[in-house]
$ cat my_file15.txt   # compact mmCIF, C-alpha atoms
# COMPACT_ATOMS: atom_id res chain seq x y z
CA MET A 1 116.49 15.74 -44.13
CA SER A 2 118.71 18.20 -45.85
CA SER A 3 117.72 18.45 -49.40
CA PRO A 4 118.74 21.54 -51.26
CA VAL A 5 115.79 21.08 -53.57
CA GLU A 6 112.70 23.10 -52.71
CA GLN A 7 110.58 22.07 -55.61
CA ILE A 8 110.53 19.29 -58.11
CA THR A 9 109.03 19.16 -61.54
CA VAL A 10 106.82 16.36 -62.68
CA VAL A 11 106.04 15.77 -66.30
CA SER A 12 102.73 14.26 -67.35
CA SER A 13 102.31 11.71 -70.11
CA ASP A 14 101.07 14.58 -72.27
CA GLY A 15 104.36 16.37 -71.81
CA ASP A 16 103.13 19.13 -69.52
CA GLU A 17 105.33 20.16 -66.64
CA PHE A 18 104.16 20.90 -63.14
CA LYS A 19 106.02 22.10 -60.12
CA MET A 20 105.46 20.42 -56.77
CA THR A 21 106.81 21.48 -53.44
CA VAL A 22 108.97 18.91 -51.76
CA ALA A 23 106.47 18.60 -48.97
CA ALA A 24 103.74 17.77 -51.44
CA ALA A 25 105.96 15.35 -53.30
CA MET A 26 106.73 13.53 -50.07
CA GLN A 27 103.08 12.42 -49.98
CA SER A 28 104.09 9.98 -52.68
CA GLU A 29 106.26 7.14 -51.50
CA GLN A 30 107.72 6.87 -54.96
CA LEU A 31 108.74 10.49 -55.16
CA LYS A 32 109.85 10.41 -51.54
CA GLN A 33 112.25 7.57 -52.34
CA MET A 34 113.76 9.61 -55.12
CA LEU A 35 114.07 12.72 -53.01
CA THR A 36 115.68 11.04 -50.06
CA ASP A 37 118.17 9.19 -52.17
CA ASP A 38 120.97 11.69 -52.39
CA SER A 39 122.61 9.78 -55.15
CA ILE A 40 119.86 10.84 -57.49
CA SER A 41 119.73 14.41 -58.58
CA ILE A 42 116.29 15.21 -59.80
CA VAL A 43 115.41 17.75 -62.29
CA LYS A 44 112.30 16.48 -63.88
CA VAL A 45 110.32 13.37 -63.02
CA PRO A 46 108.34 11.88 -65.84
CA VAL A 47 105.20 10.12 -64.77
CA GLU A 48 104.49 8.24 -67.93
CA ASN A 49 101.07 6.83 -67.36
CA ILE A 50 99.47 9.83 -65.76
CA SER A 51 97.80 12.39 -67.98
CA THR A 52 97.81 16.12 -67.32
CA GLU A 53 94.22 16.12 -66.18
CA ILE A 54 94.84 13.49 -63.56
CA LEU A 55 98.25 14.78 -62.54
CA VAL A 56 96.76 18.14 -61.74
CA LYS A 57 94.27 16.48 -59.39
CA VAL A 58 96.93 14.35 -57.77
CA ILE A 59 99.18 17.31 -57.13
CA GLU A 60 96.25 19.20 -55.68
CA TYR A 61 95.65 16.38 -53.22
CA CYS A 62 99.27 16.11 -52.26
CA GLN A 63 99.60 19.84 -51.71
CA LYS A 64 96.50 20.02 -49.54
CA HIS A 65 97.59 17.13 -47.38
CA ALA A 66 101.13 18.42 -47.12
CA ASP A 67 99.80 21.80 -45.98
CA HIS A 68 97.55 20.09 -43.46
CA GLU A 69 100.46 18.13 -42.05
CA ALA A 70 102.59 21.24 -41.79
CA ALA A 71 99.83 23.13 -40.04
CA THR A 72 99.34 20.27 -37.61
CA LYS A 73 103.02 20.14 -36.77
CA ALA A 74 103.06 23.87 -36.23
CA ASN A 75 100.26 23.48 -33.71
CA GLY A 76 102.28 21.01 -31.70
CA GLY A 77 101.22 17.78 -33.31
CA GLY A 78 97.83 16.06 -33.40
CA ALA A 79 95.11 17.58 -35.53
CA SER A 80 92.11 18.88 -33.68
CA ASP A 81 88.76 17.30 -34.41
CA SER A 82 87.53 20.23 -36.43
CA GLU A 83 90.67 20.32 -38.50
CA ALA A 84 90.41 16.61 -39.19
CA GLU A 85 86.78 17.04 -40.10
CA GLU A 86 87.59 19.91 -42.39
CA LEU A 87 90.12 17.78 -44.18
CA ASN A 88 87.61 14.97 -44.54
CA LYS A 89 85.13 17.35 -46.04
CA TRP A 90 87.75 18.60 -48.44
CA ASP A 91 88.56 15.01 -49.40
CA ALA A 92 84.89 14.27 -50.02
CA GLU A 93 84.54 17.28 -52.28
CA PHE A 94 87.78 16.40 -54.00
CA MET A 95 86.48 12.95 -54.87
CA LYS A 96 83.36 14.24 -56.54
CA VAL A 97 84.91 13.64 -59.91
CA ASP A 98 83.52 12.27 -63.09
CA VAL A 99 83.59 8.60 -62.41
CA GLU A 100 84.08 7.47 -65.91
CA ASP A 101 86.96 9.73 -66.74
CA LYS A 102 88.79 10.41 -63.60
CA LEU A 103 88.08 8.13 -60.68
CA PHE A 104 89.83 5.01 -61.85
CA HIS A 105 92.68 7.01 -63.30
CA ILE A 106 93.20 8.82 -60.03
CA LEU A 107 93.10 5.48 -58.30
CA MET A 108 95.71 4.04 -60.61
CA ALA A 109 97.86 7.16 -60.36
CA ALA A 110 97.74 6.98 -56.57
CA ASN A 111 98.70 3.32 -56.84
CA TYR A 112 101.59 4.04 -59.16
CA LEU A 113 102.93 6.94 -57.13
CA GLU A 114 102.16 5.14 -53.88
CA ILE A 115 100.12 7.89 -52.31
CA LYS A 116 98.45 5.90 -49.59
CA GLY A 117 95.92 8.48 -48.46
CA LEU A 118 94.67 9.16 -51.94
CA PHE A 119 94.66 5.48 -52.83
CA ASP A 120 92.57 4.54 -49.81
CA LEU A 121 90.27 7.48 -50.38
CA ALA A 122 89.71 6.60 -54.02
CA CYS A 123 89.19 2.91 -53.22
CA GLN A 124 86.57 3.78 -50.66
CA THR A 125 84.90 6.10 -53.15
CA VAL A 126 84.70 3.31 -55.69
CA ALA A 127 83.37 0.93 -53.03
CA ASP A 128 80.75 3.46 -52.00
CA LEU A 129 79.63 3.78 -55.60
CA ILE A 130 79.22 0.03 -55.87
CA LYS A 131 77.34 -0.42 -52.61
CA GLY A 132 73.70 -1.24 -53.00
CA LYS A 133 73.77 -1.20 -56.78
CA THR A 134 72.63 -3.83 -59.20
CA PRO A 135 75.17 -5.23 -61.67
CA LYS A 136 73.48 -3.25 -64.41
CA GLN A 137 73.81 -0.03 -62.49
CA ILE A 138 77.45 -0.76 -61.69
CA ARG A 139 78.19 -1.27 -65.36
CA LYS A 140 76.58 2.01 -66.17
CA ILE A 141 78.47 3.95 -63.51
CA PHE A 142 81.84 2.64 -64.51
CA ASN A 143 81.12 2.34 -68.20
CA LEU A 144 81.94 -1.34 -68.27
CA LYS A 145 80.99 -3.61 -71.07
CA ASN A 146 78.91 -6.66 -70.29
CA ASP A 147 80.98 -9.32 -71.99
CA PHE A 148 79.00 -12.33 -70.83
CA THR A 149 77.09 -14.39 -73.34
CA PRO A 150 73.31 -14.28 -72.77
CA GLU A 151 73.40 -17.80 -71.32
CA GLU A 152 76.22 -16.98 -68.92
CA GLN A 153 74.41 -13.80 -67.99
CA GLU A 154 71.25 -15.69 -67.19
CA ARG A 155 72.97 -18.33 -65.16
CA LEU A 156 74.96 -15.85 -63.15
CA SER A 157 71.98 -13.61 -62.48
CA ARG A 158 69.92 -16.51 -61.31
CA GLN A 159 72.66 -17.71 -59.02
CA HIS A 160 73.05 -14.23 -57.65
CA ASN A 161 69.34 -13.68 -57.15
CA CYS A 162 68.77 -16.99 -55.45
CA SER A 163 71.47 -16.41 -52.92
CA PHE A 164 71.69 -12.76 -52.40
CA ASP A 165 68.36 -11.16 -52.89
CA MET B 166 89.32 -2.52 -68.30
CA VAL B 167 90.45 -1.55 -64.86
CA SER B 168 93.71 -2.70 -63.43
CA GLU B 169 93.47 -5.83 -61.34
CA GLU B 170 95.48 -4.35 -58.54
CA VAL B 171 93.00 -1.56 -58.13
CA MET B 172 89.94 -3.82 -58.05
CA LYS B 173 91.67 -6.12 -55.61
CA ALA B 174 91.97 -3.16 -53.29
CA VAL B 175 88.33 -2.20 -53.70
CA PHE B 176 86.71 -5.60 -53.27
CA PRO B 177 87.70 -6.09 -49.62
CA LEU B 178 85.78 -2.92 -48.83
CA LEU B 179 82.50 -4.40 -50.02
CA ASP B 180 80.03 -6.56 -48.19
CA GLY B 181 78.91 -9.94 -49.50
CA VAL B 182 75.90 -8.74 -51.43
CA ASP B 183 77.84 -6.07 -53.26
CA LEU B 184 80.75 -8.37 -53.98
CA ALA B 185 78.32 -10.89 -55.41
CA SER B 186 76.87 -8.14 -57.60
CA CYS B 187 80.36 -7.40 -58.87
CA MET B 188 80.66 -10.98 -59.98
CA VAL B 189 77.85 -10.42 -62.45
CA VAL B 190 79.20 -7.16 -63.90
CA CYS B 191 81.76 -8.43 -66.41
CA LYS B 192 84.22 -11.25 -66.91
CA GLN B 193 87.20 -9.43 -65.45
CA TRP B 194 85.33 -8.53 -62.28
CA ARG B 195 83.88 -12.00 -62.03
CA ASP B 196 87.28 -13.62 -62.20
CA LEU B 197 88.71 -11.23 -59.65
CA ALA B 198 85.80 -11.36 -57.22
CA ARG B 199 85.73 -15.14 -57.32
CA ASP B 200 88.95 -15.27 -55.39
CA ASP B 201 88.04 -17.14 -52.24
CA TYR B 202 90.35 -14.83 -50.28
CA PHE B 203 87.76 -12.04 -50.32
CA TRP B 204 85.07 -14.40 -49.17
CA LYS B 205 87.31 -15.71 -46.45
CA CYS B 206 87.66 -12.16 -45.18
CA LEU B 207 83.90 -11.73 -45.19
CA CYS B 208 83.42 -14.99 -43.36
CA ALA B 209 86.09 -13.99 -40.87
CA LYS B 210 84.28 -10.76 -40.11
CA ARG B 211 80.98 -12.47 -39.67
CA TRP B 212 82.03 -15.72 -38.01
CA PRO B 213 85.57 -15.29 -36.70
CA SER B 214 85.65 -18.85 -35.34
CA ILE B 215 85.30 -20.28 -38.85
CA CYS B 216 88.80 -19.14 -39.68
CA LYS B 217 90.33 -20.94 -36.77
CA ARG B 218 90.40 -23.99 -38.98
CA ARG B 219 92.83 -23.93 -41.85
CA ASN B 220 90.32 -25.00 -44.44
CA PRO B 221 86.77 -23.84 -44.94
CA PRO B 222 84.14 -26.23 -43.48
CA THR B 223 82.37 -26.19 -46.84
CA SER B 224 83.94 -26.49 -50.28
CA SER B 225 84.80 -22.80 -50.33
CA TYR B 226 84.36 -19.70 -48.22
CA TYR B 227 82.27 -18.29 -51.03
CA LYS B 228 79.84 -21.14 -50.71
CA LEU B 229 79.76 -20.82 -46.95
CA TYR B 230 79.01 -17.14 -47.04
CA GLN B 231 76.44 -17.48 -49.80
CA THR B 232 74.52 -20.15 -47.91
CA PHE B 233 74.63 -18.81 -44.41
CA TYR B 234 74.89 -15.07 -44.59
CA ARG B 235 71.18 -14.74 -44.20
CA ARG B 236 68.56 -16.99 -42.75
CA GLN B 237 66.27 -17.97 -45.54
CA HIS B 238 62.76 -17.30 -44.47
CA HIS B 239 61.13 -18.49 -47.60
CA LYS B 240 61.92 -22.18 -47.39
CA PRO B 241 60.93 -23.66 -50.71
CA LEU B 242 58.55 -26.56 -50.32
CA LEU B 243 59.47 -29.74 -52.16
CA PRO B 244 56.68 -31.23 -54.24
CA PRO B 245 54.42 -33.33 -52.02
CA ARG B 246 54.56 -37.11 -52.28
CA ILE B 247 50.84 -37.55 -52.67
CA SER B 248 48.17 -35.83 -54.64
CA PHE B 249 44.48 -35.32 -53.99
CA ASP B 250 43.71 -37.99 -56.55
CA ASP B 251 45.25 -40.55 -54.20
CA LEU B 252 42.91 -39.62 -51.36
CA GLU B 253 39.32 -40.10 -50.34
CA PHE B 254 37.59 -38.63 -47.33
CA PHE B 255 34.97 -40.49 -45.28
CA ILE B 256 32.71 -37.90 -43.73
CA ASP B 257 29.91 -38.66 -41.31
CA ILE B 258 27.78 -36.11 -39.55
CA TRP B 259 25.37 -36.99 -36.73
CA ALA B 260 22.77 -35.16 -34.72
CA GLU B 261 22.64 -37.33 -31.64
CA ASN B 262 21.93 -40.71 -33.10
CA ARG B 263 20.53 -39.53 -36.38
CA LEU B 264 22.81 -39.65 -39.40
CA LEU B 265 22.58 -36.33 -41.22
CA PHE B 266 25.29 -36.80 -43.78
CA SER B 267 27.41 -39.75 -44.82
CA GLU B 268 29.58 -39.62 -47.92
CA VAL B 269 32.86 -40.74 -49.41
CA VAL B 270 34.34 -37.63 -50.95
CA PRO B 271 37.13 -38.08 -53.50
CA GLY B 272 40.12 -35.88 -52.86
CA SER B 273 39.83 -34.32 -56.28
CA VAL B 274 36.36 -33.01 -55.48
CA LEU B 275 37.48 -31.51 -52.20
CA GLN B 276 40.49 -29.94 -53.86
CA GLN B 277 38.38 -28.21 -56.45
CA GLY B 278 36.13 -26.53 -53.99
CA THR B 279 32.65 -25.26 -54.70
CA LYS B 280 32.57 -21.98 -56.48
CA ILE B 281 28.86 -21.86 -56.98
CA SER B 282 26.65 -21.17 -54.00
CA PRO B 283 22.90 -21.63 -54.00
CA SER B 284 20.73 -18.56 -53.79
CA GLY B 285 20.08 -17.31 -50.32
CA VAL B 286 23.69 -17.56 -49.23
CA CYS B 287 25.00 -14.44 -47.56
CA GLU B 288 27.32 -12.19 -49.55
CA MET B 289 30.37 -12.72 -47.40
CA LEU B 290 30.23 -16.47 -47.62
CA LYS B 291 29.62 -16.27 -51.33
CA CYS B 292 32.71 -14.12 -51.83
CA HIS B 293 34.74 -16.45 -49.69
CA LEU B 294 33.71 -19.48 -51.72
CA GLU B 295 34.28 -17.77 -55.04
CA GLY B 296 37.69 -16.49 -54.04
CA SER B 297 40.75 -17.94 -55.73
CA GLU B 298 42.72 -18.93 -52.61
CA PHE B 299 43.04 -22.61 -52.09
CA LYS B 300 40.29 -24.11 -50.00
CA MET B 301 38.71 -27.51 -49.61
CA THR B 302 34.96 -27.30 -49.79
CA LEU B 303 32.24 -29.58 -50.98
CA PRO B 304 28.58 -28.97 -51.73
CA VAL B 305 25.98 -30.76 -49.68
CA GLU B 306 23.32 -32.15 -51.91
CA PRO B 307 20.68 -32.64 -50.95
CA ARG B 308 20.95 -30.04 -48.24
CA PHE B 309 20.08 -31.03 -44.71
CA LYS B 310 18.62 -28.92 -41.95
CA ILE B 311 19.54 -28.78 -38.33
CA PRO B 312 16.87 -27.44 -36.01
CA LEU B 313 18.13 -24.90 -33.53
CA SER B 314 17.31 -27.14 -30.66
CA GLN B 315 19.71 -29.73 -31.92
CA THR B 316 22.72 -27.64 -32.92
CA GLU B 317 24.57 -28.57 -29.79
CA THR B 318 24.30 -32.27 -30.45
CA VAL B 319 25.83 -32.31 -33.90
CA SER B 320 29.08 -34.21 -34.24
CA ILE B 321 31.35 -35.16 -37.11
CA SER B 322 34.00 -37.69 -37.94
CA VAL B 323 36.39 -37.57 -40.88
CA LEU B 324 38.67 -40.37 -41.93
CA VAL B 325 40.97 -40.20 -44.90
CA GLY B 326 42.16 -43.13 -46.99
CA ARG B 327 45.05 -43.26 -49.40
CA LYS B 328 45.20 -45.47 -52.43
CA ASP B 329 48.96 -45.79 -52.71
CA SER B 330 49.36 -47.70 -49.46
CA ASN B 331 45.79 -48.71 -48.65
CA LYS B 332 45.98 -47.04 -45.31
CA VAL B 333 43.64 -44.82 -43.38
CA ALA B 334 44.21 -41.99 -40.95
CA TYR B 335 42.08 -39.87 -38.65
CA VAL B 336 41.44 -36.32 -39.66
CA ILE B 337 38.75 -35.95 -37.02
CA ASN B 338 37.80 -38.82 -34.75
CA LYS B 339 34.76 -37.20 -33.23
CA SER B 340 34.15 -33.58 -32.64
CA MET B 341 31.18 -31.41 -31.77
CA PHE B 342 30.39 -28.18 -33.55
CA ASP B 343 31.18 -25.95 -30.63
CA TYR B 344 31.84 -22.82 -32.59
CA ILE B 345 28.78 -21.43 -34.29
CA ASP B 346 29.09 -18.03 -35.83
CA TRP B 347 25.64 -16.80 -36.77
CA SER B 348 26.93 -13.73 -38.52
CA LEU B 349 29.28 -15.72 -40.75
CA PHE B 350 26.88 -18.63 -41.11
CA ARG B 351 29.47 -21.14 -40.15
CA ALA B 352 29.48 -23.89 -37.56
CA SER B 353 32.98 -25.13 -36.85
CA ALA B 354 34.52 -28.12 -35.16
CA PHE B 355 38.14 -28.97 -34.67
CA GLU B 356 40.40 -31.71 -33.46
CA TYR B 357 44.14 -32.03 -32.96
CA LEU B 358 45.76 -34.14 -35.63
CA ASP B 359 47.45 -37.47 -35.00
CA ILE B 360 50.81 -37.07 -36.64
CA SER B 361 52.93 -40.08 -37.52
CA PRO B 362 55.51 -41.00 -34.87
CA ALA B 363 58.16 -40.54 -37.56
CA TYR B 364 57.73 -36.80 -37.01
CA ARG B 365 58.40 -36.19 -33.37
CA PHE B 366 57.75 -32.92 -31.56
CA LEU B 367 54.85 -31.91 -33.76
CA SER B 368 51.70 -31.13 -31.89
CA GLY B 369 48.98 -28.58 -31.66
CA ILE B 370 48.01 -28.77 -35.30
CA ARG B 371 44.28 -28.75 -35.75
CA ALA B 372 41.98 -29.93 -38.44
CA TRP B 373 38.99 -27.60 -38.76
CA ILE B 374 35.75 -28.60 -40.35
CA SER B 375 32.90 -26.16 -40.88
CA LEU B 376 29.29 -26.47 -41.91
CA LEU B 377 28.32 -23.64 -44.19
CA PHE B 378 24.66 -22.77 -43.86
CA MET B 379 21.85 -20.42 -44.63
CA GLU B 380 19.39 -19.37 -42.07
CA ASP B 381 16.06 -20.92 -42.54
CA GLY B 382 13.84 -18.04 -41.44
CA ASP B 383 10.66 -20.02 -40.92
CA GLU B 384 11.92 -22.77 -38.74
CA GLY B 385 14.99 -21.02 -37.35
CA ALA B 386 17.11 -23.93 -38.49
CA MET B 387 20.52 -24.21 -40.08
CA ASP B 388 20.15 -25.02 -43.74
CA VAL B 389 23.49 -26.62 -44.49
CA PHE B 390 24.62 -26.30 -48.09
CA GLY B 391 28.34 -26.90 -47.87
CA ILE B 392 31.22 -28.27 -45.82
CA GLN B 393 34.71 -26.82 -45.59
CA LEU B 394 37.83 -28.57 -44.35
CA ASP B 395 40.95 -26.62 -43.51
CA PHE B 396 44.21 -26.76 -41.59
CA CYS B 397 44.61 -23.04 -41.21
CA ASP B 398 46.95 -23.40 -38.23
CA VAL B 399 49.82 -24.39 -40.46
CA ALA B 400 48.84 -25.29 -43.99
CA ASN B 401 47.15 -22.94 -46.42
CA SER B 402 48.27 -23.92 -49.87
CA LYS B 403 47.60 -27.10 -51.76
CA GLU B 404 51.18 -28.29 -51.37
CA GLU B 405 51.25 -27.52 -47.67
CA VAL B 406 48.01 -29.41 -47.09
CA LEU B 407 49.23 -32.44 -49.03
CA TRP B 408 52.46 -32.49 -47.01
CA LEU B 409 50.48 -32.29 -43.80
CA LEU B 410 48.17 -35.13 -44.81
CA ASP B 411 51.20 -37.20 -45.76
CA MET B 412 52.47 -36.77 -42.23
CA LEU B 413 49.40 -38.18 -40.53
CA ASP B 414 49.58 -41.43 -38.61
CA TRP B 415 48.57 -43.73 -41.45
CA LYS B 416 47.61 -47.19 -40.37

$ encode --input "my_file15.txt" --output "structure tokens"
Amino acid sequence: MSSPVEQITVVSSDGDEFKMTVAAAMQSEQLKQMLTDDSISIVKVPVENISTEILVKVIEYCQKHADHEAATKANGGGASDSEAEELNKWDAEFMKVDVEDKLFHILMAANYLEIKGLFDLACQTVADLIKGKTPKQIRKIFNLKNDFTPEEQERLSRQHNCSFD
Amino acid sequence: MVSEEVMKAVFPLLDGVDLASCMVVCKQWRDLARDDYFWKCLCAKRWPSICKRRNPPTSSYYKLYQTFYRRQHHKPLLPPRISFDDLEFFIDIWAENRLLFSEVVPGSVLQQGTKISPSGVCEMLKCHLEGSEFKMTLPVEPRFKIPLSQTETVSISVLVGRKDSNKVAYVINKSMFDYIDWSLFRASAFEYLDISPAYRFLSGIRAWISLLFMEDGDEGAMDVFGIQLDFCDVANSKEEVLWLLDMLDWK
């Protein structure tokens, strides 16, 4: 791929600009499409529904994974077990975010930008947070409002308890 | 509110219990998690053959999963069809040819049990009788004594009659008190129940009947003050016992 561009600039919904290497940007299918389409000349890419806070995290992820890919290629393809493990550990640390604020936003950003790795990672993180929890606990973790009427609530709980306890 | 797309990607990663929990979290999650597609996936993982048919064998995959994902060990017992008020027990106790005890005991009396024991009863037996677990006991008044020499000749028969159909069934046809526990002050007899032919394959269920006694120091006799009936093999609660009695071969 012969793109003369080495870096692109992404603009958050707050108006802040961030530079991303092409390699990092390629982690996003969306950005990749834009970069590989020679008919588009990119200067700045606005990502309207992603705030600065989240964009920073997303870029961090993309850069790390781009670096990992590059390193793997340099070593003749195929990451070694320890390298893969190291990346997994990094991913785990990366996902230790404030659930309420960031997790869902990161998930939605990954969805919007089509960053498969991050999307899957974030989905699994959400799933892991849900596992083994009661509905009440789930609501608390994700700051969700219980919008059932008391009668509905009772009926649903009973149904749930009878079957799944 | 979380985007639907995102939750739809998370739900397939959950197992049935967690997905069911999500259905109780809020309306949005309930509506999303209700999608039978997720439950089809869970069913497919658990019972791949189920998905070889185009449609679920039950009304929905959700229902299928909910019902079968775990074997229910606590099978709820339906209310029994008879009550103790419908029953009366014909109890006869013999020592060789001598009739020691012969009474018609209404079911309600047996159901109540005897909480009060006369003085002289050993502590353990007293505690057992006063305990709150369901047991069928009746007081023997006036008490009768069985001399030691005769303990091996004592036999009992118990018939039970029901008022709703005017039929009678064996609880115990004739049994000797082979099991005498001098430390527990109990003499027990048992017999295998005759179950109605409507219930095939049931066997090996025993009716146990015990004489509760005090030791009469002077004569070395059994001073019988109470009788206990139980079906401890299989039935320990009131409902279980009533179901079992309902299943006898009533004639």

$ interface_residues --input "my_file15.txt" --of "chain B" --to "chain A" --cutoff "8 Å" --atoms "all atoms listed in the file" --output "list in words"
Met166, Val167, Ser168, Val171, Ala174, Val175, Phe176, Leu178, Leu179, Val182, Asp183, Ala185, Ser186, Cys187, Val189, Val190, Cys191, Lys192, Gln231 and Thr232 of chain B

$ atom_distance --input "my_file15.txt" --atom1 "CA of Leu410 (chain B)" --atom2 "CA of Ala372 (chain B)"
10.3 Å

$ closest_residue --input "my_file15.txt" --among "B:Phe254, B:Trp408, B:Phe366, B:Phe266" --to "Val389 (chain B)" --atoms "all atoms listed in the file"
B:Phe266

$ residues_near_point --input "my_file15.txt" --point "(41.0, -37.3, -57.4)" --cutoff "10 Å" --atoms "only C-alpha atoms" --output "short mmCIF file (atom, residue, chain, number, x, y, z; two decimals) with C-alpha atoms, in the frame of the given file"
data_model
loop_
_atom_site.label_atom_id
_atom_site.label_comp_id
_atom_site.auth_asym_id
_atom_site.auth_seq_id
_atom_site.Cartn_x
_atom_site.Cartn_y
_atom_site.Cartn_z
CA SER B 248 48.17 -35.83 -54.64
CA PHE B 249 44.48 -35.32 -53.99
CA ASP B 250 43.71 -37.99 -56.55
CA ASP B 251 45.25 -40.55 -54.20
CA LEU B 252 42.91 -39.62 -51.36
CA GLU B 253 39.32 -40.10 -50.34
CA VAL B 270 34.34 -37.63 -50.95
CA PRO B 271 37.13 -38.08 -53.50
CA GLY B 272 40.12 -35.88 -52.86
CA SER B 273 39.83 -34.32 -56.28
CA VAL B 274 36.36 -33.01 -55.48
CA LEU B 275 37.48 -31.51 -52.20
CA GLN B 276 40.49 -29.94 -53.86
CA GLN B 277 38.38 -28.21 -56.45
#

$ residues_near_point --input "my_file15.txt" --point "(105.6, 15.9, -69.4)" --cutoff "9 Å" --atoms "all atoms listed in the file" --output "compact mmCIF listing (two decimals) with C-alpha atoms, in the coordinates of the input"
# COMPACT_ATOMS: atom_id res chain seq x y z
CA VAL A 10 106.82 16.36 -62.68
CA VAL A 11 106.04 15.77 -66.30
CA SER A 12 102.73 14.26 -67.35
CA SER A 13 102.31 11.71 -70.11
CA ASP A 14 101.07 14.58 -72.27
CA GLY A 15 104.36 16.37 -71.81
CA ASP A 16 103.13 19.13 -69.52
CA GLU A 17 105.33 20.16 -66.64
CA PHE A 18 104.16 20.90 -63.14
CA LYS A 44 112.30 16.48 -63.88
CA VAL A 45 110.32 13.37 -63.02
CA PRO A 46 108.34 11.88 -65.84
CA VAL A 47 105.20 10.12 -64.77
CA GLU A 48 104.49 8.24 -67.93
CA SER A 51 97.80 12.39 -67.98
CA THR A 52 97.81 16.12 -67.32

$ atom_distance --input "my_file15.txt" --atom1 "CA of Val22 (chain A)" --atom2 "CA of Gln7 (chain A)"
5.2 Å

$ decode --input "my_file15.txt" --residues "region 66-78 of chain A" --atoms "N, CA, C and O atoms" --output "PDB file, in the first residue's frame"
ATOM      1  N   ALA A  66      -1.036  -2.089  16.990  1.00  0.00           N
ATOM      2  CA  ALA A  66      -0.285  -1.879  15.756  1.00  0.00           C
ATOM      3  C   ALA A  66       1.189  -2.193  16.001  1.00  0.00           C
ATOM      4  O   ALA A  66       1.836  -2.874  15.189  1.00  0.00           O
ATOM      5  N   ASP A  67       1.709  -1.724  17.121  1.00  0.00           N
ATOM      6  CA  ASP A  67       3.112  -1.987  17.467  1.00  0.00           C
ATOM      7  C   ASP A  67       3.347  -3.476  17.598  1.00  0.00           C
ATOM      8  O   ASP A  67       4.371  -3.999  17.147  1.00  0.00           O
ATOM      9  N   HIS A  68       2.408  -4.143  18.240  1.00  0.00           N
ATOM     10  CA  HIS A  68       2.538  -5.598  18.449  1.00  0.00           C
ATOM     11  C   HIS A  68       2.581  -6.317  17.111  1.00  0.00           C
ATOM     12  O   HIS A  68       3.388  -7.220  16.897  1.00  0.00           O
ATOM     13  N   GLU A  69       1.713  -5.903  16.215  1.00  0.00           N
ATOM     14  CA  GLU A  69       1.678  -6.524  14.885  1.00  0.00           C
ATOM     15  C   GLU A  69       2.985  -6.317  14.149  1.00  0.00           C
ATOM     16  O   GLU A  69       3.521  -7.225  13.528  1.00  0.00           O
ATOM     17  N   ALA A  70       3.483  -5.082  14.232  1.00  0.00           N
ATOM     18  CA  ALA A  70       4.735  -4.760  13.555  1.00  0.00           C
ATOM     19  C   ALA A  70       5.869  -5.614  14.114  1.00  0.00           C
ATOM     20  O   ALA A  70       6.668  -6.180  13.361  1.00  0.00           O
ATOM     21  N   ALA A  71       5.914  -5.701  15.420  1.00  0.00           N
ATOM     22  CA  ALA A  71       6.969  -6.480  16.070  1.00  0.00           C
ATOM     23  C   ALA A  71       6.882  -7.942  15.650  1.00  0.00           C
ATOM     24  O   ALA A  71       7.879  -8.606  15.408  1.00  0.00           O
ATOM     25  N   THR A  72       5.691  -8.444  15.562  1.00  0.00           N
ATOM     26  CA  THR A  72       5.480  -9.844  15.171  1.00  0.00           C
ATOM     27  C   THR A  72       5.980 -10.083  13.760  1.00  0.00           C
ATOM     28  O   THR A  72       6.672 -11.051  13.482  1.00  0.00           O
ATOM     29  N   LYS A  73       5.633  -9.155  12.879  1.00  0.00           N
ATOM     30  CA  LYS A  73       6.056  -9.300  11.481  1.00  0.00           C
ATOM     31  C   LYS A  73       7.557  -9.300  11.395  1.00  0.00           C
ATOM     32  O   LYS A  73       8.154 -10.095  10.675  1.00  0.00           O
ATOM     33  N   ALA A  74       8.156  -8.387  12.177  1.00  0.00           N
ATOM     34  CA  ALA A  74       9.617  -8.267  12.157  1.00  0.00           C
ATOM     35  C   ALA A  74      10.265  -9.578  12.584  1.00  0.00           C
ATOM     36  O   ALA A  74      11.331  -9.943  12.100  1.00  0.00           O
ATOM     37  N   ASN A  75       9.605 -10.295  13.486  1.00  0.00           N
ATOM     38  CA  ASN A  75      10.166 -11.558  13.958  1.00  0.00           C
ATOM     39  C   ASN A  75       9.836 -12.728  13.057  1.00  0.00           C
ATOM     40  O   ASN A  75      10.003 -13.869  13.426  1.00  0.00           O
ATOM     41  N   GLY A  76       9.334 -12.452  11.889  1.00  0.00           N
ATOM     42  CA  GLY A  76       9.047 -13.515  10.933  1.00  0.00           C
ATOM     43  C   GLY A  76       7.662 -14.109  11.108  1.00  0.00           C
ATOM     44  O   GLY A  76       7.439 -15.272  10.802  1.00  0.00           O
ATOM     45  N   GLY A  77       6.755 -13.338  11.595  1.00  0.00           N
ATOM     46  CA  GLY A  77       5.356 -13.797  11.628  1.00  0.00           C
ATOM     47  C   GLY A  77       5.063 -14.744  12.793  1.00  0.00           C
ATOM     48  O   GLY A  77       5.920 -15.509  13.206  1.00  0.00           O
ATOM     49  N   GLY A  78       3.909 -14.697  13.327  1.00  0.00           N
ATOM     50  CA  GLY A  78       3.493 -15.604  14.407  1.00  0.00           C
ATOM     51  C   GLY A  78       4.042 -15.171  15.752  1.00  0.00           C
ATOM     52  O   GLY A  78       5.232 -15.295  16.010  1.00  0.00           O
TER      53      GLY A  78
END
